[in-house]
$ cat work-v4.tsv   # TSV, C-alpha atoms
chain	number	residue	atom	x	y	z
A	27	MET	CA	23.92	14.38	17.45
A	28	ASN	CA	20.22	15.03	16.83
A	29	LYS	CA	18.86	13.49	13.68
A	30	THR	CA	17.32	15.45	10.84
A	31	ILE	CA	14.57	13.48	9.08
A	32	LEU	CA	12.83	14.67	5.95
A	33	HIS	CA	9.38	13.43	4.92
A	34	LEU	CA	8.24	14.04	1.32
A	35	ASP	CA	4.69	13.44	0.13
A	36	LEU	CA	3.38	13.91	-3.41
A	37	ASP	CA	0.10	15.79	-2.97
A	38	THR	CA	-3.04	13.93	-4.16
A	39	PHE	CA	-0.67	11.86	-6.28
A	40	TYR	CA	-3.13	9.97	-8.49
A	41	VAL	CA	-5.11	13.16	-9.12
A	42	SER	CA	-1.94	15.13	-9.91
A	43	VAL	CA	-0.76	12.51	-12.41
A	44	GLU	CA	-4.14	12.51	-14.16
A	45	ARG	CA	-4.02	16.30	-14.41
A	46	LEU	CA	-0.48	16.16	-15.73
A	47	ILE	CA	-1.67	13.81	-18.49
A	48	ASN	CA	-4.83	15.83	-19.22
A	49	SER	CA	-4.57	19.55	-18.45
A	50	GLU	CA	-8.34	19.96	-18.92
A	51	LEU	CA	-8.83	18.32	-15.53
A	52	LYS	CA	-7.05	21.12	-13.65
A	53	HIS	CA	-9.19	22.93	-11.08
A	54	ARG	CA	-12.06	20.50	-11.69
A	55	PRO	CA	-13.36	18.19	-8.93
A	56	LEU	CA	-11.80	14.81	-9.65
A	57	LEU	CA	-12.26	11.31	-8.22
A	58	VAL	CA	-9.92	8.41	-8.97
A	59	GLY	CA	-11.01	4.88	-8.16
A	60	GLY	CA	-13.54	2.19	-8.93
A	61	THR	CA	-16.42	3.16	-11.17
A	62	SER	CA	-18.82	0.37	-10.21
A	63	ASP	CA	-21.37	0.54	-7.39
A	64	ARG	CA	-18.80	-1.16	-5.15
A	65	GLY	CA	-15.91	1.02	-6.27
A	66	VAL	CA	-13.89	2.91	-3.68
A	67	VAL	CA	-12.29	6.36	-3.92
A	68	ALA	CA	-8.53	5.82	-4.21
A	69	ALA	CA	-7.80	9.56	-4.42
A	70	CYS	CA	-9.79	12.79	-4.60
A	71	SER	CA	-8.90	16.36	-5.49
A	72	TYR	CA	-9.05	19.16	-2.93
A	73	GLU	CA	-12.09	20.55	-4.76
A	74	THR	CA	-14.15	17.50	-3.77
A	75	ARG	CA	-13.16	17.60	-0.12
A	76	ALA	CA	-15.33	20.66	0.51
A	77	PHE	CA	-18.29	18.34	-0.14
A	78	GLY	CA	-17.12	15.85	2.50
A	79	VAL	CA	-15.46	13.44	0.07
A	80	HIS	CA	-12.33	11.56	1.23
A	81	SER	CA	-10.23	8.63	0.05
A	82	GLY	CA	-11.50	5.21	1.06
A	83	MET	CA	-15.12	6.34	0.72
A	84	PRO	CA	-17.50	4.29	-1.47
A	85	MET	CA	-17.53	5.86	-4.95
A	86	LYS	CA	-21.33	5.78	-5.02
A	87	MET	CA	-21.46	7.98	-1.90
A	88	ALA	CA	-18.76	10.30	-3.24
A	89	LYS	CA	-20.70	10.90	-6.46
A	90	GLU	CA	-23.84	11.65	-4.46
A	91	LEU	CA	-21.95	14.21	-2.35
A	92	CYS	CA	-20.24	15.77	-5.38
A	93	PRO	CA	-22.29	15.02	-8.53
A	94	GLU	CA	-20.22	17.34	-10.75
A	95	ALA	CA	-16.98	15.44	-10.04
A	96	VAL	CA	-15.14	13.78	-12.93
A	97	VAL	CA	-14.60	10.07	-12.19
A	98	ILE	CA	-11.50	8.32	-13.58
A	99	ARG	CA	-10.73	4.65	-13.14
A	100	GLY	CA	-6.98	5.24	-12.96
A	101	ASN	CA	-3.94	3.52	-14.40
A	102	SER	CA	-1.41	1.91	-12.08
A	103	ALA	CA	1.23	1.83	-14.84
A	104	SER	CA	1.12	5.64	-15.16
A	105	TYR	CA	1.38	6.10	-11.42
A	106	SER	CA	4.32	3.69	-11.17
A	107	LYS	CA	6.09	5.50	-14.01
A	108	HIS	CA	5.82	8.94	-12.39
A	109	SER	CA	6.67	7.55	-8.97
A	110	ASP	CA	9.85	6.03	-10.42
A	111	ILE	CA	10.85	9.40	-11.93
A	112	VAL	CA	10.56	11.08	-8.53
A	113	THR	CA	12.40	8.17	-6.90
A	114	GLU	CA	15.34	8.54	-9.29
A	115	ILE	CA	15.64	12.28	-8.50
A	116	ILE	CA	15.66	11.61	-4.75
A	117	LYS	CA	18.12	8.75	-5.20
A	118	GLU	CA	20.58	11.09	-6.94
A	119	LYS	CA	20.25	13.86	-4.35
A	120	VAL	CA	19.95	12.01	-1.02
A	121	PRO	CA	22.43	9.49	0.42
A	122	VAL	CA	19.88	7.50	2.50
A	123	PHE	CA	16.16	7.42	1.75
A	124	GLU	CA	13.19	5.13	2.30
A	125	LYS	CA	10.27	4.78	-0.09
A	126	SER	CA	7.41	4.02	2.27
A	127	SER	CA	4.71	4.05	-0.42
A	128	ILE	CA	4.23	4.97	-4.05
A	129	ASP	CA	4.02	8.68	-3.15
A	130	GLU	CA	5.84	9.00	0.19
A	131	PHE	CA	9.54	9.15	1.03
A	132	TYR	CA	11.74	9.57	4.10
A	133	ALA	CA	15.31	10.81	3.94
A	134	ASP	CA	17.99	11.07	6.64
A	135	LEU	CA	19.72	14.46	6.32
A	136	SER	CA	21.51	14.24	9.67
A	137	GLY	CA	24.72	16.25	9.79
A	138	MET	CA	23.95	18.28	6.68
A	139	ASP	CA	23.44	21.49	8.69
A	140	ARG	CA	27.20	21.66	9.19
A	141	PHE	CA	27.85	22.00	5.48
A	142	PHE	CA	24.86	23.22	3.54
A	143	GLY	CA	21.73	23.43	5.68
A	144	ALA	CA	19.18	20.64	5.77
A	145	TYR	CA	16.16	22.90	5.27
A	146	LYS	CA	17.75	24.72	2.35
A	147	TYR	CA	18.76	21.40	0.77
A	148	ALA	CA	15.26	19.95	1.25
A	149	SER	CA	13.74	23.09	-0.31
A	150	GLU	CA	15.96	22.82	-3.37
A	151	LEU	CA	15.16	19.11	-3.68
A	152	ARG	CA	11.42	19.86	-3.56
A	153	HIS	CA	11.69	22.56	-6.23
A	154	THR	CA	13.77	20.24	-8.42
A	155	ILE	CA	11.04	17.59	-8.25
A	156	ILE	CA	8.34	20.14	-9.08
A	157	LYS	CA	10.35	21.54	-12.00
A	158	GLU	CA	11.35	18.21	-13.54
A	159	CYS	CA	8.17	16.23	-12.86
A	160	GLY	CA	5.45	18.85	-12.80
A	161	LEU	CA	3.92	17.26	-9.70
A	162	PRO	CA	3.09	19.13	-6.48
A	163	ILE	CA	4.98	17.86	-3.44
A	164	SER	CA	5.13	18.87	0.23
A	165	PHE	CA	7.67	18.12	2.94
A	166	GLY	CA	8.11	18.23	6.68
A	167	LEU	CA	11.49	18.40	8.44
A	168	SER	CA	12.16	17.52	12.08
A	169	ILE	CA	14.17	15.21	14.33
A	170	ASN	CA	12.12	12.07	13.62
A	171	LYS	CA	9.73	10.37	11.21
A	172	VAL	CA	6.49	10.95	13.12
A	173	VAL	CA	6.84	14.70	13.61
A	174	SER	CA	8.06	15.12	10.02
A	175	LYS	CA	5.04	13.25	8.65
A	176	VAL	CA	2.63	15.33	10.72
A	177	ALA	CA	4.45	18.49	9.62
A	178	THR	CA	4.05	17.47	5.97
A	179	ASN	CA	0.31	17.03	6.42
A	180	GLU	CA	0.11	20.47	8.03
A	181	ALA	CA	2.15	22.00	5.21
A	182	LYS	CA	-0.11	20.70	2.44
A	183	PRO	CA	-1.02	21.53	-0.21
A	184	ASN	CA	2.27	21.99	-2.09
A	185	ASN	CA	4.23	23.60	0.73
A	186	GLN	CA	6.94	22.90	3.30
A	187	LEU	CA	7.38	23.13	7.06
A	188	LYS	CA	10.32	22.78	9.44
A	189	ILE	CA	9.91	21.98	13.15
A	190	ASP	CA	12.97	23.19	15.03
A	191	PHE	CA	14.59	20.98	17.65
A	192	GLY	CA	12.81	21.30	21.01
A	193	TYR	CA	9.54	22.54	19.51
A	194	GLU	CA	8.07	19.13	18.71
A	195	LYS	CA	5.61	19.04	21.62
A	196	PRO	CA	4.38	22.65	21.19
A	197	PHE	CA	3.85	21.96	17.47
A	198	LEU	CA	1.81	18.82	18.11
A	199	ALA	CA	-0.12	20.06	21.16
A	200	PRO	CA	-2.97	22.02	19.48
A	201	LEU	CA	-3.57	19.43	16.76
A	202	SER	CA	-6.42	16.92	16.71
A	203	ILE	CA	-5.44	13.54	18.16
A	204	LYS	CA	-6.56	12.02	14.86
A	205	LYS	CA	-3.55	13.58	13.14
A	206	ILE	CA	-1.16	11.34	15.05
A	207	PRO	CA	-0.08	8.40	12.87
A	208	MET	CA	-1.58	5.10	14.11
A	209	VAL	CA	-4.78	6.74	15.39
A	210	GLY	CA	-7.51	5.29	13.16
A	211	ASP	CA	-11.25	5.77	13.34
A	212	LYS	CA	-11.78	3.17	16.08
A	213	THR	CA	-8.95	4.46	18.29
A	214	TYR	CA	-10.06	8.03	17.69
A	215	GLN	CA	-13.59	7.21	18.80
A	216	THR	CA	-12.27	5.49	21.94
A	217	LEU	CA	-10.22	8.58	22.81
A	218	ARG	CA	-13.11	10.92	22.05
A	219	ASN	CA	-15.32	8.91	24.40
A	220	LEU	CA	-12.73	9.67	27.09
A	221	GLY	CA	-12.97	13.37	26.29
A	222	ILE	CA	-9.62	13.51	24.49
A	223	ARG	CA	-9.75	15.81	21.49
A	224	GLN	CA	-6.31	17.41	21.19
A	225	VAL	CA	-2.79	16.03	21.36
A	226	LYS	CA	-1.94	18.23	24.36
A	227	THR	CA	-4.38	16.22	26.51
A	228	VAL	CA	-2.44	13.03	25.79
A	229	GLN	CA	0.83	14.87	26.49
A	230	GLN	CA	-0.46	15.70	29.96
A	231	MET	CA	-1.55	12.12	30.71
A	232	PRO	CA	0.69	9.46	32.28
A	233	MET	CA	1.83	6.79	29.84
A	234	ASP	CA	0.38	3.95	31.91
A	235	VAL	CA	-3.13	5.43	31.61
A	236	MET	CA	-2.91	5.24	27.82
A	237	GLN	CA	-1.62	1.69	28.10
A	238	ARG	CA	-4.57	0.66	30.25
A	239	VAL	CA	-7.00	2.13	27.73
A	240	LEU	CA	-5.39	1.03	24.46
A	241	GLY	CA	-2.96	-1.71	25.46
A	242	ALA	CA	0.44	-1.81	23.78
A	243	ASN	CA	-0.71	0.70	21.16
A	244	GLY	CA	-1.40	3.20	23.93
A	245	LYS	CA	2.30	3.43	24.75
A	246	VAL	CA	3.21	4.02	21.10
A	247	ILE	CA	0.53	6.69	20.66
A	248	TRP	CA	1.62	8.43	23.87
A	249	LYS	CA	5.22	8.58	22.63
A	250	ARG	CA	4.17	9.90	19.23
A	251	ALA	CA	1.95	12.54	20.83
A	252	ASN	CA	5.02	13.68	22.77
A	253	GLY	CA	7.14	13.80	19.62
A	254	ILE	CA	9.18	10.72	20.58
A	255	ASP	CA	10.11	8.35	17.76
A	256	HIS	CA	13.35	6.48	17.17
A	257	THR	CA	12.33	4.60	14.02
A	258	PRO	CA	15.28	4.67	11.58
A	259	VAL	CA	15.10	5.40	7.88
A	260	ILE	CA	15.24	1.95	6.27
A	261	PRO	CA	16.54	1.99	2.68
A	262	PHE	CA	15.19	-1.46	1.86
A	263	CYS	CA	12.80	-3.83	3.57
A	264	ASP	CA	12.53	-7.37	2.21
A	265	ARG	CA	8.96	-8.53	1.77
A	266	LYS	CA	7.78	-11.27	4.11
A	267	SER	CA	4.63	-12.11	2.19
A	268	ILE	CA	2.86	-11.62	-1.12
A	269	SER	CA	-0.88	-11.70	-1.68
A	270	THR	CA	-3.75	-10.76	-3.94
A	271	GLU	CA	-7.51	-10.57	-3.53
A	272	ARG	CA	-10.57	-9.69	-5.57
A	273	THR	CA	-13.92	-8.21	-4.62
A	274	PHE	CA	-16.63	-9.17	-7.10
A	275	ASP	CA	-18.92	-6.54	-8.59
A	276	ARG	CA	-21.78	-8.90	-7.76
A	277	ASP	CA	-21.76	-11.51	-5.02
A	278	THR	CA	-21.48	-14.96	-6.56
A	279	ILE	CA	-22.15	-18.58	-5.72
A	280	ASP	CA	-20.58	-19.83	-8.96
A	281	VAL	CA	-18.04	-22.34	-7.65
A	282	HIS	CA	-16.51	-22.77	-11.12
A	283	LYS	CA	-15.83	-19.05	-11.31
A	284	LEU	CA	-14.42	-18.93	-7.76
A	285	ARG	CA	-12.04	-21.81	-8.47
A	286	GLY	CA	-10.93	-20.15	-11.71
A	287	VAL	CA	-10.12	-16.90	-9.91
A	288	LEU	CA	-8.19	-18.74	-7.19
A	289	ILE	CA	-6.21	-20.68	-9.82
A	290	ALA	CA	-5.38	-17.43	-11.62
A	291	MET	CA	-4.27	-15.82	-8.34
A	292	THR	CA	-2.10	-18.77	-7.36
A	293	GLU	CA	-0.58	-19.06	-10.82
A	294	ASN	CA	0.33	-15.37	-10.86
A	295	LEU	CA	1.71	-15.35	-7.32
A	296	ALA	CA	3.80	-18.45	-8.05
A	297	TYR	CA	5.26	-16.68	-11.09
A	298	GLN	CA	6.09	-13.65	-8.91
A	299	LEU	CA	7.93	-15.95	-6.51
A	300	ARG	CA	10.01	-17.46	-9.31
A	301	ARG	CA	10.68	-14.03	-10.81
A	302	GLY	CA	11.99	-12.83	-7.46
A	303	ASP	CA	13.89	-16.06	-6.68
A	304	LYS	CA	11.66	-16.69	-3.68
A	305	LEU	CA	10.05	-19.74	-2.10
A	306	THR	CA	7.02	-19.93	0.18
A	307	ALA	CA	6.36	-22.28	3.09
A	308	CYS	CA	2.89	-21.09	4.07
A	309	ILE	CA	-0.23	-20.53	1.99
A	310	ALA	CA	-3.52	-18.98	3.09
A	311	VAL	CA	-6.94	-18.55	1.51
A	312	LYS	CA	-9.63	-16.15	2.67
A	313	ILE	CA	-13.31	-15.74	1.80
A	314	ARG	CA	-15.68	-12.91	2.65
A	315	TYR	CA	-19.35	-13.74	2.30
A	316	SER	CA	-22.21	-11.40	1.42
A	317	ASP	CA	-22.89	-10.91	5.15
A	318	PHE	CA	-19.31	-9.46	5.41
A	319	ASN	CA	-18.11	-12.28	7.66
A	320	LEU	CA	-14.50	-13.12	6.78
A	321	TYR	CA	-13.03	-16.62	7.08
A	322	SER	CA	-9.45	-17.70	6.39
A	323	LYS	CA	-7.34	-20.81	6.68
A	324	GLN	CA	-3.62	-21.37	6.22
A	325	LEU	CA	-1.37	-24.36	5.71
A	326	ARG	CA	2.35	-24.93	6.19
A	327	ILE	CA	4.03	-26.70	3.27
A	328	PRO	CA	7.59	-27.56	2.15
A	329	TYR	CA	9.31	-24.61	0.48
A	330	THR	CA	8.21	-24.29	-3.14
A	331	SER	CA	7.27	-21.92	-5.97
A	332	ALA	CA	5.70	-24.47	-8.32
A	333	ASP	CA	2.18	-24.04	-9.70
A	334	HIS	CA	1.42	-27.75	-9.72
A	335	ILE	CA	2.11	-27.95	-5.98
A	336	LEU	CA	0.53	-24.67	-4.88
A	337	ILE	CA	-2.70	-24.74	-6.90
A	338	PRO	CA	-4.03	-28.05	-5.46
A	339	LYS	CA	-3.18	-26.86	-1.93
A	340	VAL	CA	-5.05	-23.57	-2.45
A	341	LEU	CA	-8.08	-25.39	-3.87
A	342	ASP	CA	-8.03	-27.80	-0.93
A	343	LEU	CA	-8.12	-24.87	1.51
A	344	PHE	CA	-10.95	-23.31	-0.48
A	345	LYS	CA	-12.91	-26.57	-0.33
A	346	ILE	CA	-12.53	-26.64	3.46
A	347	LEU	CA	-13.52	-22.98	3.83
A	348	TYR	CA	-16.39	-22.86	1.37
A	349	ASN	CA	-19.04	-24.75	3.29
A	350	LYS	CA	-21.56	-21.99	3.86
A	351	ARG	CA	-23.25	-22.21	0.44
A	352	MET	CA	-23.65	-18.45	0.69
A	353	LEU	CA	-22.95	-15.73	-1.84
A	354	VAL	CA	-19.26	-14.78	-1.90
A	355	ARG	CA	-18.14	-11.17	-1.96
A	356	LEU	CA	-14.33	-11.56	-1.90
A	357	VAL	CA	-11.64	-14.22	-2.22
A	358	GLY	CA	-7.90	-13.91	-1.63
A	359	VAL	CA	-4.66	-15.89	-1.62
A	360	ARG	CA	-1.53	-15.16	0.41
A	361	PHE	CA	1.96	-16.70	0.44
A	362	SER	CA	4.12	-16.06	3.50
A	363	HIS	CA	7.27	-17.35	5.28
A	364	LEU	CA	9.20	-16.35	2.16
A	365	VAL	CA	12.89	-17.14	1.74
A	366	SER	CA	15.36	-16.59	-1.06
A	367	GLY	CA	16.03	-19.59	-3.26
A	368	ASN	CA	15.18	-21.39	-6.46
A	369	TYR	CA	12.71	-24.20	-6.89
A	370	GLN	CA	14.16	-27.55	-5.88
A	371	ILE	CA	13.40	-30.50	-8.14
A	372	ASN	CA	11.32	-33.28	-6.60
A	373	LEU	CA	13.00	-36.51	-7.73
A	374	PHE	CA	9.75	-38.50	-7.59
A	375	ASP	CA	7.11	-36.10	-8.94
A	376	ASP	CA	8.85	-33.64	-11.29
A	377	THR	CA	9.90	-34.21	-14.86
A	378	GLU	CA	12.38	-32.39	-17.06
A	379	GLU	CA	9.52	-31.48	-19.40
A	380	ALA	CA	7.54	-29.83	-16.59
A	381	LEU	CA	10.51	-27.75	-15.45
A	382	SER	CA	11.29	-26.72	-19.02
A	383	LEU	CA	7.66	-25.70	-19.44
A	384	TYR	CA	7.87	-23.43	-16.36
A	385	GLN	CA	11.00	-21.76	-17.72
A	386	ALA	CA	9.44	-21.22	-21.15
A	387	MET	CA	6.21	-19.81	-19.70
A	388	ASP	CA	8.08	-17.46	-17.37
A	389	HIS	CA	10.22	-16.25	-20.26
A	390	VAL	CA	7.08	-15.37	-22.24
A	391	ARG	CA	5.57	-13.60	-19.24
A	392	LYS	CA	8.69	-11.51	-18.67
A	393	ARG	CA	8.62	-10.41	-22.28
A	394	PHE	CA	4.90	-9.94	-22.93
A	395	GLY	CA	3.35	-9.51	-19.47
A	396	ASP	CA	1.92	-11.57	-16.62
A	397	ARG	CA	-1.30	-12.41	-18.46
A	398	SER	CA	0.31	-13.54	-21.74
A	399	VAL	CA	0.34	-17.21	-20.66
A	400	LEU	CA	-2.23	-18.74	-18.31
A	401	ARG	CA	-4.33	-21.82	-17.70
A	402	ALA	CA	-7.64	-22.15	-19.53
A	403	SER	CA	-9.43	-22.48	-16.18
A	404	ALA	CA	-8.22	-18.97	-15.26
A	405	LEU	CA	-9.44	-17.19	-18.41
A	406	GLU	CA	-12.34	-15.49	-16.61
A	407	ALA	CA	-10.00	-13.75	-14.16
A	408	LYS	CA	-8.96	-11.07	-16.63
A	409	SER	CA	-7.66	-8.44	-14.20
A	410	ILE	CA	-5.24	-10.52	-12.14
A	411	GLY	CA	-1.66	-9.48	-12.81
A	412	ARG	CA	1.11	-7.13	-11.67
A	413	ILE	CA	2.91	-4.22	-13.27
A	414	GLN	CA	6.28	-4.81	-11.64
A	415	ASN	CA	8.32	-7.33	-9.71
A	416	PRO	CA	7.01	-7.24	-6.10
A	417	PHE	CA	10.51	-8.09	-4.82
A	418	ASN	CA	12.34	-5.13	-6.36
A	419	GLY	CA	12.33	-3.18	-3.09
A	420	GLN	CA	9.51	-0.86	-4.17
A	421	PRO	CA	6.26	-0.65	-2.21
A	422	PRO	CA	3.19	-2.03	-3.99
A	423	VAL	CA	0.86	0.16	-6.00
A	424	VAL	CA	-2.45	0.17	-4.15
A	425	LEU	CA	-5.51	1.03	-6.18
A	426	ALA	CA	-8.86	0.86	-4.46
A	427	HIS	CA	-10.64	-0.07	-7.68
A	428	ARG	CA	-8.89	-3.42	-8.20
A	429	LYS	CA	-11.99	-5.56	-8.54
A	430	GLN	CA	-12.94	-8.65	-10.50
$ encode --input "work-v4.tsv" --output "structure tokens"
Amino acid sequence: MNKTILHLDLDTFYVSVERLINSELKHRPLLVGGTSDRGVVAACSYETRAFGVHSGMPMKMAKELCPEAVVIRGNSASYSKHSDIVTEIIKEKVPVFEKSSIDEFYADLSGMDRFFGAYKYASELRHTIIKECGLPISFGLSINKVVSKVATNEAKPNNQLKIDFGYEKPFLAPLSIKKIPMVGDKTYQTLRNLGIRQVKTVQQMPMDVMQRVLGANGKVIWKRANGIDHTPVIPFCDRKSISTERTFDRDTIDVHKLRGVLIAMTENLAYQLRRGDKLTACIAVKIRYSDFNLYSKQLRIPYTSADHILIPKVLDLFKILYNKRMLVRLVGVRFSHLVSGNYQINLFDDTEEALSLYQAMDHVRKRFGDRSVLRASALEAKSIGRIQNPFNGQPPVVLAHRKQ
């Protein structure tokens, strides 16, 4: 039996939420993202796109291209709230769905044509979301994830599109190769240098030619260009790592400040581990200098989620990395090799008082927020914290303006 995969995408989600909160923003050019000189556009309204603005663009450039645009910093709590409302509606209506990001969903409607009609059901689901949430949403329907996602992008804004079985290749053929998922700017430029502009050119090429040009990714792109994709809808995907990073508004050489930020990051990530009953066995620190060179170093450690073990290790890695005596643009911390489990007491180093302190601090954080209790050395890192448990099965909220 052929599968029927639905892809739903909330149109310009951050912009739509801001307009839902403030109706005066409707039909006005709107930019959501960082407001500093180093801010990045997290989302932009369709009105700004006529000026060449797009998400991921430096905010300074976007404001130069569209001076009349309204700039909003954005609120991740609001976006999470509205995303959860949409998620609950889909959860009630669809037996199997995957939340691939804060504003994107996949659903497996295979077999529904026998009883109700997958396209009719998807249409009613879309109209239910629009009616109950007030947010525009588009969908694509086809036999797999890739074609459905491309169909959604072609249906936008606030529309729907079904690709009948057997018409996947004709649908994709006239499109720009850049519209195939996995084709980024670098890959696109490589293909353009070969004279490849449309998907139909890739469809006519042998697979091994694409492999020679792009390696393993060439095979995947060739399959997607031909409408071939067997990726299943995955209801839940356990996180394998957790990380945080900060880009400074101004490059700094203040070692005291850098250490304070790293301590705050480690402290917060360790709390997230304990909140999710997780342990880490690998920590990594990265630094990007003012010349944009990025350096990182990782270390394997015994499984733990304790601040007093993780913080010294992170600072040791930072000490090894930070030997350039150059201005620092970005620092980050990452915990990986995660497993489920609770912190195991070290019979030689831990005390009952220390463990009781962790429990008390975590209790306060759960009740009053991540930043309610923290070390004095981390006071300068005011923006480091999370809205929700990163291990609740939901994808992270990504805001381009998260800067220190």
$ closest_residue --input "work-v4.tsv" --among "A:Phe39, A:Tyr214, A:Tyr147, A:Phe361" --to "Thr292 of chain A" --atoms "all atoms listed in the file"
A:Phe361
$ closest_residue --input "work-v4.tsv" --among "A:Ile163, A:Ile313, A:Leu288, A:Cys308" --to "Arg351 of chain A" --atoms "all atoms listed in the file"
A:Ile313
$ atom_distance --input "work-v4.tsv" --atom1 "atom CA of Thr227 of chain A" --atom2 "atom CA of Asp255 of chain A"
18.7 Å
$ atom_distance --input "work-v4.tsv" --atom1 "atom CA of Lys171 of chain A" --atom2 "atom CA of Asp110 of chain A"
22.1 Å
$ residues_around --input "work-v4.tsv" --residues "Phe131 of chain A" --least-positions-apart "6" --cutoff "7 Å" --atoms "all atoms listed in the file" --output "mmCIF file with C-alpha atoms, in the coordinates of the input"
data_model
loop_
_atom_site.group_PDB
_atom_site.id
_atom_site.type_symbol
_atom_site.label_atom_id
_atom_site.label_comp_id
_atom_site.auth_asym_id
_atom_site.auth_seq_id
_atom_site.Cartn_x
_atom_site.Cartn_y
_atom_site.Cartn_z
ATOM 1 C CA HIS A 33 9.380 13.430 4.920
ATOM 2 C CA LEU A 34 8.240 14.040 1.320
ATOM 3 C CA ASP A 35 4.690 13.440 0.130
ATOM 4 C CA PHE A 123 16.160 7.420 1.750
ATOM 5 C CA GLU A 124 13.190 5.130 2.300
ATOM 6 C CA LYS A 125 10.270 4.780 -0.090
#
$ closest_residue --input "work-v4.tsv" --among "A:Pro261, A:Ser366, A:Pro200, A:His153" --to "Tyr329 of chain A" --atoms "only C-alpha atoms"
A:Ser366
$ residues_around --input "work-v4.tsv" --residues "Ala88 of chain A" --least-positions-apart "4" --cutoff "10 Å" --atoms "all atoms listed in the file" --output "mmCIF file with C-alpha atoms, in the coordinates of the input"
data_model
loop_
_atom_site.group_PDB
_atom_site.id
_atom_site.type_symbol
_atom_site.label_atom_id
_atom_site.label_comp_id
_atom_site.auth_asym_id
_atom_site.auth_seq_id
_atom_site.Cartn_x
_atom_site.Cartn_y
_atom_site.Cartn_z
ATOM 1 C CA LEU A 57 -12.260 11.310 -8.220
ATOM 2 C CA VAL A 66 -13.890 2.910 -3.680
ATOM 3 C CA VAL A 67 -12.290 6.360 -3.920
ATOM 4 C CA CYS A 70 -9.790 12.790 -4.600
ATOM 5 C CA THR A 74 -14.150 17.500 -3.770
ATOM 6 C CA ARG A 75 -13.160 17.600 -0.120
ATOM 7 C CA PHE A 77 -18.290 18.340 -0.140
ATOM 8 C CA GLY A 78 -17.120 15.850 2.500
ATOM 9 C CA VAL A 79 -15.460 13.440 0.070
ATOM 10 C CA HIS A 80 -12.330 11.560 1.230
ATOM 11 C CA SER A 81 -10.230 8.630 0.050
ATOM 12 C CA GLY A 82 -11.500 5.210 1.060
ATOM 13 C CA MET A 83 -15.120 6.340 0.720
ATOM 14 C CA PRO A 84 -17.500 4.290 -1.470
ATOM 15 C CA CYS A 92 -20.240 15.770 -5.380
ATOM 16 C CA PRO A 93 -22.290 15.020 -8.530
ATOM 17 C CA ALA A 95 -16.980 15.440 -10.040
ATOM 18 C CA VAL A 97 -14.600 10.070 -12.190
#
$ atom_distance --input "work-v4.tsv" --atom1 "atom CA of His334 of chain A" --atom2 "atom CA of Thr306 of chain A"
13.8 Å
$ residues_around --input "work-v4.tsv" --residues "Met291 of chain A" --least-positions-apart "4" --cutoff "8 Å" --atoms "all atoms listed in the file" --output "number ranges by chain"
A: 270-271, 287, 295, 358-359, 410
$ closest_residue --input "work-v4.tsv" --among "A:Thr178, A:Ser322, A:Asn219, A:Ser316" --to "Lys205 of chain A" --atoms "all atoms listed in the file"
A:Thr178
$ closest_residue --input "work-v4.tsv" --among "A:Tyr40, A:Tyr72, A:Phe165, A:Phe274" --to "His108 of chain A" --atoms "only C-alpha atoms"
A:Tyr40
$ closest_residue --input "work-v4.tsv" --among "A:Arg355, A:Arg223, A:Lys29, A:Lys339" --to "Leu284 of chain A" --atoms "all atoms listed in the file"
A:Arg355
$ residues_around --input "work-v4.tsv" --residues "Glu194 of chain A" --least-positions-apart "5" --cutoff "9 Å" --atoms "all atoms listed in the file" --output "PyMOL selection string"
chain A and resi 168-169+173+189+199+252-254
$ residues_near_point --input "work-v4.tsv" --point "(-0.9, 6.4, 29.9)" --cutoff "12 Å" --atoms "all atoms listed in the file" --output "ChimeraX atom specification"
/A:217,227-249,251-252
$ write_last_selection --input "work-v4.tsv" --atoms "C-alpha atoms" --output "tab-separated table (two decimals), in the frame of the given file"
chain	number	residue	atom	x	y	z
A	217	LEU	CA	-10.22	8.58	22.81
A	227	THR	CA	-4.38	16.22	26.51
A	228	VAL	CA	-2.44	13.03	25.79
A	229	GLN	CA	0.83	14.87	26.49
A	230	GLN	CA	-0.46	15.70	29.96
A	231	MET	CA	-1.55	12.12	30.71
A	232	PRO	CA	0.69	9.46	32.28
A	233	MET	CA	1.83	6.79	29.84
A	234	ASP	CA	0.38	3.95	31.91
A	235	VAL	CA	-3.13	5.43	31.61
A	236	MET	CA	-2.91	5.24	27.82
A	237	GLN	CA	-1.62	1.69	28.10
A	238	ARG	CA	-4.57	0.66	30.25
A	239	VAL	CA	-7.00	2.13	27.73
A	240	LEU	CA	-5.39	1.03	24.46
A	241	GLY	CA	-2.96	-1.71	25.46
A	242	ALA	CA	0.44	-1.81	23.78
A	243	ASN	CA	-0.71	0.70	21.16
A	244	GLY	CA	-1.40	3.20	23.93
A	245	LYS	CA	2.30	3.43	24.75
A	246	VAL	CA	3.21	4.02	21.10
A	247	ILE	CA	0.53	6.69	20.66
A	248	TRP	CA	1.62	8.43	23.87
A	249	LYS	CA	5.22	8.58	22.63
A	251	ALA	CA	1.95	12.54	20.83
A	252	ASN	CA	5.02	13.68	22.77
